[in-house]
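Peer 1: One file is attached below, run29.cif, containing mmCIF, C-alpha atoms.
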```
data_query
#
loop_
_atom_site.label_atom_id
_atom_site.label_comp_id
_atom_site.auth_asym_id
_atom_site.auth_seq_id
_atom_site.Cartn_x
_atom_site.Cartn_y
_atom_site.Cartn_z
CA MET A 135 36.16 -41.16 -6.93
CA ILE A 136 36.20 -38.62 -9.77
CA THR A 137 37.22 -35.15 -8.65
CA ARG A 138 36.13 -31.83 -10.12
CA GLY A 139 39.63 -31.40 -11.51
CA THR A 140 39.41 -34.73 -13.33
CA MET A 141 35.97 -33.86 -14.67
CA ALA A 142 37.25 -30.47 -15.87
CA LEU A 143 40.19 -32.11 -17.67
CA GLN A 144 37.88 -34.65 -19.30
CA TRP A 145 35.58 -31.83 -20.42
CA LEU A 146 38.54 -29.88 -21.85
CA ALA A 147 39.81 -32.98 -23.67
CA ALA A 148 36.37 -33.58 -25.18
CA LEU A 149 36.15 -29.93 -26.22
CA ASP A 150 39.60 -30.17 -27.80
CA VAL A 151 38.52 -33.20 -29.85
CA GLN A 152 35.31 -31.42 -30.95
CA LEU A 153 37.26 -28.31 -32.03
CA PHE A 154 39.75 -30.51 -33.89
CA LEU A 155 36.95 -32.41 -35.66
CA GLY A 156 35.09 -29.21 -36.45
CA LEU A 157 38.13 -27.66 -38.11
CA ASN A 158 38.90 -30.85 -40.04
CA ARG A 159 35.36 -31.83 -41.03
CA ARG A 160 35.40 -30.32 -44.50
CA HIS A 161 37.24 -31.97 -47.36
CA ARG A 162 39.77 -29.59 -48.85
CA SER A 163 40.86 -29.28 -52.43
CA ARG A 164 44.39 -30.16 -53.50
CA PRO A 165 45.44 -26.49 -53.93
CA THR A 166 44.16 -25.65 -50.45
CA GLU A 167 46.01 -28.61 -48.94
CA SER A 168 49.19 -27.52 -50.73
CA LEU A 169 48.83 -24.00 -49.33
CA ILE A 170 48.31 -25.37 -45.80
CA ARG A 171 51.42 -27.56 -46.16
CA TRP A 172 53.43 -24.58 -47.45
CA ILE A 173 52.33 -22.42 -44.50
CA SER A 174 53.30 -25.19 -42.09
CA ARG A 175 56.70 -25.66 -43.78
CA SER A 176 57.37 -21.94 -43.45
CA GLY A 177 57.58 -22.63 -39.72
CA ASP A 178 60.20 -25.39 -40.10
CA GLY A 179 63.06 -23.03 -39.22
CA TYR A 180 64.55 -22.08 -42.58
CA VAL A 181 62.88 -18.66 -42.47
CA TYR A 182 64.36 -18.03 -39.02
CA VAL A 183 67.87 -18.84 -40.24
CA ALA A 184 67.39 -16.58 -43.28
CA MET A 185 66.13 -13.73 -41.07
CA GLY A 186 69.03 -14.17 -38.64
CA ALA A 187 71.53 -14.14 -41.50
CA THR A 188 70.13 -11.17 -43.43
CA LEU A 189 68.59 -8.75 -40.93
CA PRO A 190 71.86 -7.92 -39.11
CA TRP A 191 73.47 -7.25 -42.47
CA LEU A 192 70.59 -5.07 -43.75
CA TYR A 193 69.84 -3.27 -40.46
CA PRO A 194 72.94 -3.54 -38.25
CA GLU A 195 71.55 -2.19 -34.97
CA GLN A 196 68.06 -3.72 -34.95
CA GLY A 197 69.25 -6.82 -36.80
CA ARG A 198 71.93 -7.55 -34.21
CA GLY A 199 69.39 -7.17 -31.40
CA PHE A 200 66.98 -9.41 -33.31
CA LEU A 201 69.67 -12.06 -33.81
CA LEU A 202 70.82 -12.07 -30.19
CA SER A 203 67.24 -12.16 -28.88
CA SER A 204 66.34 -14.99 -31.25
CA LEU A 205 69.39 -17.09 -30.40
CA LEU A 206 68.79 -16.71 -26.67
CA ALA A 207 65.08 -17.50 -27.10
CA PHE A 208 65.88 -20.72 -28.95
CA LEU A 209 68.48 -21.67 -26.32
CA ILE A 210 65.72 -21.38 -23.72
CA GLU A 211 62.90 -22.81 -25.82
CA LEU A 212 64.43 -25.98 -27.21
CA PRO A 213 65.24 -27.79 -23.93
CA VAL A 214 62.01 -26.64 -22.25
CA TYR A 215 59.99 -27.75 -25.30
CA TRP A 216 61.71 -31.15 -25.30
CA ILE A 217 61.08 -31.64 -21.58
CA LEU A 218 57.39 -30.67 -21.91
CA LYS A 219 56.86 -32.84 -24.98
CA ASN A 220 58.40 -35.88 -23.30
CA SER A 221 56.75 -35.25 -19.92
CA PHE A 222 53.18 -34.86 -21.15
CA LYS A 223 53.51 -37.52 -23.87
CA ARG A 224 50.21 -36.45 -25.36
CA ARG A 225 49.20 -38.63 -28.27
CA ARG A 226 48.72 -36.90 -31.59
CA PRO A 227 45.15 -36.35 -32.83
CA PHE A 228 45.30 -39.04 -35.49
CA ARG A 229 46.18 -41.56 -32.76
CA VAL A 230 43.13 -40.47 -30.72
CA VAL A 231 40.64 -39.84 -33.54
CA GLN A 232 41.21 -42.85 -35.77
CA ALA A 233 38.92 -41.61 -38.55
CA LEU A 234 41.32 -38.85 -39.60
CA ALA A 235 44.76 -39.66 -40.98
CA PRO A 236 47.45 -36.97 -40.76
CA ALA A 237 48.26 -35.00 -43.90
CA LEU A 238 51.98 -35.35 -43.13
CA ASN A 239 54.29 -37.41 -40.97
CA PRO A 240 55.12 -35.45 -37.82
CA SER A 241 58.77 -35.19 -36.79
CA ASP A 242 58.13 -36.77 -33.39
CA GLU A 243 55.63 -38.90 -31.53
CA PHE A 244 53.93 -36.44 -29.18
CA SER A 245 51.75 -33.39 -29.79
CA PHE A 246 51.84 -31.13 -26.72
CA PRO A 247 52.92 -28.38 -27.16
CA SER A 248 53.11 -27.48 -30.85
CA GLY A 249 56.76 -26.71 -31.57
CA HIS A 250 55.97 -25.00 -34.88
CA THR A 251 53.53 -22.66 -33.16
CA THR A 252 55.88 -22.02 -30.24
CA ALA A 253 58.72 -21.02 -32.56
CA ALA A 254 56.47 -18.98 -34.85
CA PHE A 255 55.03 -16.90 -32.00
CA MET A 256 58.45 -16.55 -30.44
CA MET A 257 59.81 -15.15 -33.70
CA ALA A 258 56.75 -12.98 -34.30
CA THR A 259 57.11 -11.44 -30.84
CA ILE A 260 60.85 -10.81 -31.23
CA THR A 261 60.41 -9.42 -34.73
CA SER A 262 57.64 -7.10 -33.56
CA VAL A 263 59.96 -5.59 -30.94
CA TRP A 264 62.92 -4.99 -33.25
CA PHE A 265 60.89 -4.31 -36.43
CA PRO A 266 57.48 -2.96 -35.29
CA ALA A 267 56.28 -2.32 -38.84
CA LEU A 268 56.26 -6.11 -39.38
CA SER A 269 54.16 -6.91 -36.29
CA LEU A 270 50.80 -7.50 -37.96
CA LEU A 271 52.31 -9.56 -40.78
CA MET A 272 54.33 -11.71 -38.37
CA PHE A 273 51.45 -12.40 -35.98
CA VAL A 274 49.08 -13.26 -38.85
CA TRP A 275 51.74 -15.60 -40.24
CA ALA A 276 52.36 -17.20 -36.80
CA SER A 277 48.59 -17.72 -36.36
CA LEU A 278 48.38 -19.37 -39.78
CA VAL A 279 51.29 -21.67 -38.89
CA GLY A 280 49.41 -22.74 -35.75
CA LEU A 281 46.15 -23.25 -37.64
CA SER A 282 47.96 -25.24 -40.34
CA ARG A 283 49.19 -27.71 -37.71
CA VAL A 284 45.57 -28.45 -36.72
CA LEU A 285 44.41 -28.64 -40.34
CA LEU A 286 47.23 -31.07 -41.14
CA LYS A 287 45.83 -33.20 -38.29
CA VAL A 288 49.04 -33.35 -36.25
CA HIS A 289 47.96 -31.11 -33.33
CA PHE A 290 44.92 -30.39 -31.21
CA VAL A 291 43.82 -26.78 -30.75
CA SER A 292 45.13 -26.79 -27.16
CA ASP A 293 48.59 -27.85 -28.41
CA VAL A 294 48.60 -24.74 -30.60
CA LEU A 295 47.27 -22.46 -27.84
CA ALA A 296 50.03 -23.72 -25.52
CA GLY A 297 52.51 -22.94 -28.31
CA VAL A 298 51.17 -19.37 -28.56
CA VAL A 299 51.63 -18.83 -24.81
CA LEU A 300 55.04 -20.52 -24.61
CA GLY A 301 56.44 -18.79 -27.69
CA THR A 302 55.35 -15.40 -26.41
CA LEU A 303 56.78 -16.10 -22.94
CA PHE A 304 60.12 -17.36 -24.27
CA ALA A 305 60.40 -14.27 -26.47
CA ALA A 306 59.56 -11.96 -23.58
CA LEU A 307 62.13 -13.67 -21.36
CA SER A 308 64.79 -13.46 -24.05
CA LEU A 309 64.05 -9.78 -24.70
CA ALA A 310 64.14 -9.00 -20.97
CA LEU A 311 67.50 -10.76 -20.58
CA ILE A 312 68.97 -9.00 -23.63
CA GLY A 313 67.69 -5.67 -22.30
#
```
As structure tokens, please, write out the structure in this file.

Peer 2:
Amino acid sequence: MITRGTMALQWLAALDVQLFLGLNRRHRSRPTESLIRWISRSGDGYVYVAMGATLPWLYPEQGRGFLLSSLLAFLIELPVYWILKNSFKRRRPFRVVQALAPALNPSDEFSFPSGHTTAAFMMATITSVWFPALSLLMFVWASLVGLSRVLLKVHFVSDVLAGVVLGTLFAALSLALIG
């Protein structure tokens, strides 16, 4: 017997596939694809290390708070992310929708949640607390990182939305613990 919960999950999965296909329907030019790859790579972690190394030096008080908050957030995020990824074991979009090959090789097998998006929103949230003038820039950038993951065909929209929520929650928890 199919329950309402099962029907709702099937409907959400179908909606996720339709959103994914809708965003990836158009053929992009080579320069656009390069820009999307660059945006995605900006969420690989190198920017976070550079920010953690330079901000405390440039702005000792806020930079130190930023660094401590970020380190604590990653200490919380990484094991939780790994557990979620390996518990849900959600197949990546290109494994579900055979017609679309990924634009890059993902670093792991599963798609839920989007680690790039989680980290980007975590850093955007922490940055916005310690450096409020950068809030808009950071949240636009984090949103573009999430969108790039869908456009590179390695995540569904719901993977990215989960990353937004998780990244924001991990940042909030870290900031609350740091005080």

Peer 1: Decode the PyMOL selection byres ((chain A and resi 292) around 10) for the given file into explicit residues and return them as a PyMOL selection string.

Peer 2: chain A and resi 146-147+149-151+153-154+245-248+284+289-291+293-298

Peer 1: Which of these, A:Leu238, A:Phe200, A:Phe244, A:Ser308, has the shortest distance to A:Ser262 once you count only C-alpha atoms?

Peer 2: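 So, comparing all the options, the nearest one is A:Phe200.
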
Peer 1: Report, in Å with one decimal, the straight-line distance from atom CA of A:Ala237 to atom CA of A:Thr166.

Peer 2: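 Calculated distance between atom CA of A:Ala237 and atom CA of A:Thr166 is 12.1 Å.
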
Peer 1: Can you tell me, as a ChimeraX atom specification, what residues are no more than 10 Å from stretch 173-189 of chain A when counting all atoms listed in the file, ignoring any on the same chain fewer than 6 positions away?

Peer 2: /A:167,195-202,204-205,249-255,257,261,265,275-276,278-286

Peer 1: Can you put all heavy atoms back into stretch 266-277 of chain A and show it as a PDB file, keeping the file's coordinate frame?

Peer 2:
```pdb
ATOM      1  N   PRO A 266      58.915  -3.124 -35.577  1.00  0.00           N
ATOM      2  CA  PRO A 266      57.480  -2.960 -35.290  1.00  0.00           C
ATOM      3  C   PRO A 266      56.582  -2.907 -36.526  1.00  0.00           C
ATOM      4  O   PRO A 266      55.432  -3.339 -36.463  1.00  0.00           O
ATOM      5  CB  PRO A 266      57.404  -1.648 -34.515  1.00  0.00           C
ATOM      6  CG  PRO A 266      58.786  -1.391 -34.031  1.00  0.00           C
ATOM      7  CD  PRO A 266      59.726  -2.090 -34.960  1.00  0.00           C
ATOM      8  N   ALA A 267      57.089  -2.417 -37.631  1.00  0.00           N
ATOM      9  CA  ALA A 267      56.280  -2.320 -38.840  1.00  0.00           C
ATOM     10  C   ALA A 267      55.854  -3.707 -39.349  1.00  0.00           C
ATOM     11  O   ALA A 267      54.879  -3.823 -40.092  1.00  0.00           O
ATOM     12  CB  ALA A 267      57.038  -1.574 -39.935  1.00  0.00           C
ATOM     13  N   LEU A 268      56.567  -4.747 -38.931  1.00  0.00           N
ATOM     14  CA  LEU A 268      56.260  -6.110 -39.380  1.00  0.00           C
ATOM     15  C   LEU A 268      55.341  -6.872 -38.422  1.00  0.00           C
ATOM     16  O   LEU A 268      55.019  -8.033 -38.656  1.00  0.00           O
ATOM     17  CB  LEU A 268      57.552  -6.901 -39.578  1.00  0.00           C
ATOM     18  CG  LEU A 268      58.510  -6.382 -40.643  1.00  0.00           C
ATOM     19  CD1 LEU A 268      59.794  -7.205 -40.650  1.00  0.00           C
ATOM     20  CD2 LEU A 268      57.846  -6.405 -42.016  1.00  0.00           C
ATOM     21  N   SER A 269      54.926  -6.224 -37.342  1.00  0.00           N
ATOM     22  CA  SER A 269      54.160  -6.910 -36.290  1.00  0.00           C
ATOM     23  C   SER A 269      52.917  -7.617 -36.814  1.00  0.00           C
ATOM     24  O   SER A 269      52.737  -8.819 -36.572  1.00  0.00           O
ATOM     25  CB  SER A 269      53.744  -5.923 -35.197  1.00  0.00           C
ATOM     26  OG  SER A 269      54.859  -5.436 -34.531  1.00  0.00           O
ATOM     27  N   LEU A 270      52.051  -6.910 -37.491  1.00  0.00           N
ATOM     28  CA  LEU A 270      50.800  -7.500 -37.960  1.00  0.00           C
ATOM     29  C   LEU A 270      51.075  -8.682 -38.887  1.00  0.00           C
ATOM     30  O   LEU A 270      50.497  -9.764 -38.723  1.00  0.00           O
ATOM     31  CB  LEU A 270      49.924  -6.461 -38.659  1.00  0.00           C
ATOM     32  CG  LEU A 270      48.601  -6.978 -39.213  1.00  0.00           C
ATOM     33  CD1 LEU A 270      47.725  -7.532 -38.092  1.00  0.00           C
ATOM     34  CD2 LEU A 270      47.864  -5.877 -39.960  1.00  0.00           C
ATOM     35  N   LEU A 271      51.961  -8.492 -39.843  1.00  0.00           N
ATOM     36  CA  LEU A 271      52.310  -9.560 -40.780  1.00  0.00           C
ATOM     37  C   LEU A 271      52.832 -10.791 -40.040  1.00  0.00           C
ATOM     38  O   LEU A 271      52.401 -11.918 -40.303  1.00  0.00           O
ATOM     39  CB  LEU A 271      53.368  -9.061 -41.771  1.00  0.00           C
ATOM     40  CG  LEU A 271      53.931 -10.107 -42.725  1.00  0.00           C
ATOM     41  CD1 LEU A 271      52.869 -10.569 -43.692  1.00  0.00           C
ATOM     42  CD2 LEU A 271      55.134  -9.544 -43.462  1.00  0.00           C
ATOM     43  N   MET A 272      53.725 -10.580 -39.085  1.00  0.00           N
ATOM     44  CA  MET A 272      54.330 -11.710 -38.370  1.00  0.00           C
ATOM     45  C   MET A 272      53.311 -12.449 -37.503  1.00  0.00           C
ATOM     46  O   MET A 272      53.328 -13.685 -37.449  1.00  0.00           O
ATOM     47  CB  MET A 272      55.507 -11.228 -37.520  1.00  0.00           C
ATOM     48  CG  MET A 272      56.722 -10.816 -38.328  1.00  0.00           C
ATOM     49  SD  MET A 272      57.397 -12.143 -39.358  1.00  0.00           S
ATOM     50  CE  MET A 272      58.037 -13.267 -38.123  1.00  0.00           C
ATOM     51  N   PHE A 273      52.428 -11.721 -36.832  1.00  0.00           N
ATOM     52  CA  PHE A 273      51.450 -12.400 -35.980  1.00  0.00           C
ATOM     53  C   PHE A 273      50.367 -13.105 -36.801  1.00  0.00           C
ATOM     54  O   PHE A 273      49.879 -14.167 -36.395  1.00  0.00           O
ATOM     55  CB  PHE A 273      50.857 -11.448 -34.934  1.00  0.00           C
ATOM     56  CG  PHE A 273      51.787 -11.225 -33.781  1.00  0.00           C
ATOM     57  CD1 PHE A 273      52.436 -10.023 -33.624  1.00  0.00           C
ATOM     58  CD2 PHE A 273      52.036 -12.234 -32.864  1.00  0.00           C
ATOM     59  CE1 PHE A 273      53.318  -9.813 -32.567  1.00  0.00           C
ATOM     60  CE2 PHE A 273      52.911 -12.048 -31.796  1.00  0.00           C
ATOM     61  CZ  PHE A 273      53.552 -10.835 -31.654  1.00  0.00           C
ATOM     62  N   VAL A 274      50.011 -12.556 -37.950  1.00  0.00           N
ATOM     63  CA  VAL A 274      49.080 -13.260 -38.850  1.00  0.00           C
ATOM     64  C   VAL A 274      49.739 -14.542 -39.335  1.00  0.00           C
ATOM     65  O   VAL A 274      49.140 -15.624 -39.320  1.00  0.00           O
ATOM     66  CB  VAL A 274      48.631 -12.358 -40.016  1.00  0.00           C
ATOM     67  CG1 VAL A 274      47.934 -13.167 -41.094  1.00  0.00           C
ATOM     68  CG2 VAL A 274      47.731 -11.239 -39.510  1.00  0.00           C
ATOM     69  N   TRP A 275      51.009 -14.418 -39.762  1.00  0.00           N
ATOM     70  CA  TRP A 275      51.740 -15.600 -40.240  1.00  0.00           C
ATOM     71  C   TRP A 275      51.849 -16.653 -39.129  1.00  0.00           C
ATOM     72  O   TRP A 275      51.582 -17.844 -39.366  1.00  0.00           O
ATOM     73  CB  TRP A 275      53.131 -15.186 -40.729  1.00  0.00           C
ATOM     74  CG  TRP A 275      54.046 -16.346 -40.889  1.00  0.00           C
ATOM     75  CD1 TRP A 275      54.072 -17.241 -41.916  1.00  0.00           C
ATOM     76  CD2 TRP A 275      55.041 -16.776 -39.954  1.00  0.00           C
ATOM     77  NE1 TRP A 275      55.031 -18.203 -41.674  1.00  0.00           N
ATOM     78  CE2 TRP A 275      55.635 -17.923 -40.484  1.00  0.00           C
ATOM     79  CE3 TRP A 275      55.488 -16.284 -38.729  1.00  0.00           C
ATOM     80  CZ2 TRP A 275      56.655 -18.599 -39.834  1.00  0.00           C
ATOM     81  CZ3 TRP A 275      56.503 -16.949 -38.078  1.00  0.00           C
ATOM     82  CH2 TRP A 275      57.073 -18.095 -38.631  1.00  0.00           C
ATOM     83  N   ALA A 276      52.222 -16.252 -37.914  1.00  0.00           N
ATOM     84  CA  ALA A 276      52.360 -17.200 -36.800  1.00  0.00           C
ATOM     85  C   ALA A 276      51.020 -17.891 -36.517  1.00  0.00           C
ATOM     86  O   ALA A 276      50.982 -19.100 -36.263  1.00  0.00           O
ATOM     87  CB  ALA A 276      52.880 -16.484 -35.556  1.00  0.00           C
ATOM     88  N   SER A 277      49.926 -17.140 -36.579  1.00  0.00           N
ATOM     89  CA  SER A 277      48.590 -17.720 -36.360  1.00  0.00           C
ATOM     90  C   SER A 277      48.264 -18.742 -37.447  1.00  0.00           C
ATOM     91  O   SER A 277      47.692 -19.805 -37.150  1.00  0.00           O
ATOM     92  CB  SER A 277      47.534 -16.616 -36.346  1.00  0.00           C
ATOM     93  OG  SER A 277      47.775 -15.717 -35.293  1.00  0.00           O
TER      94      SER A 277
END
```
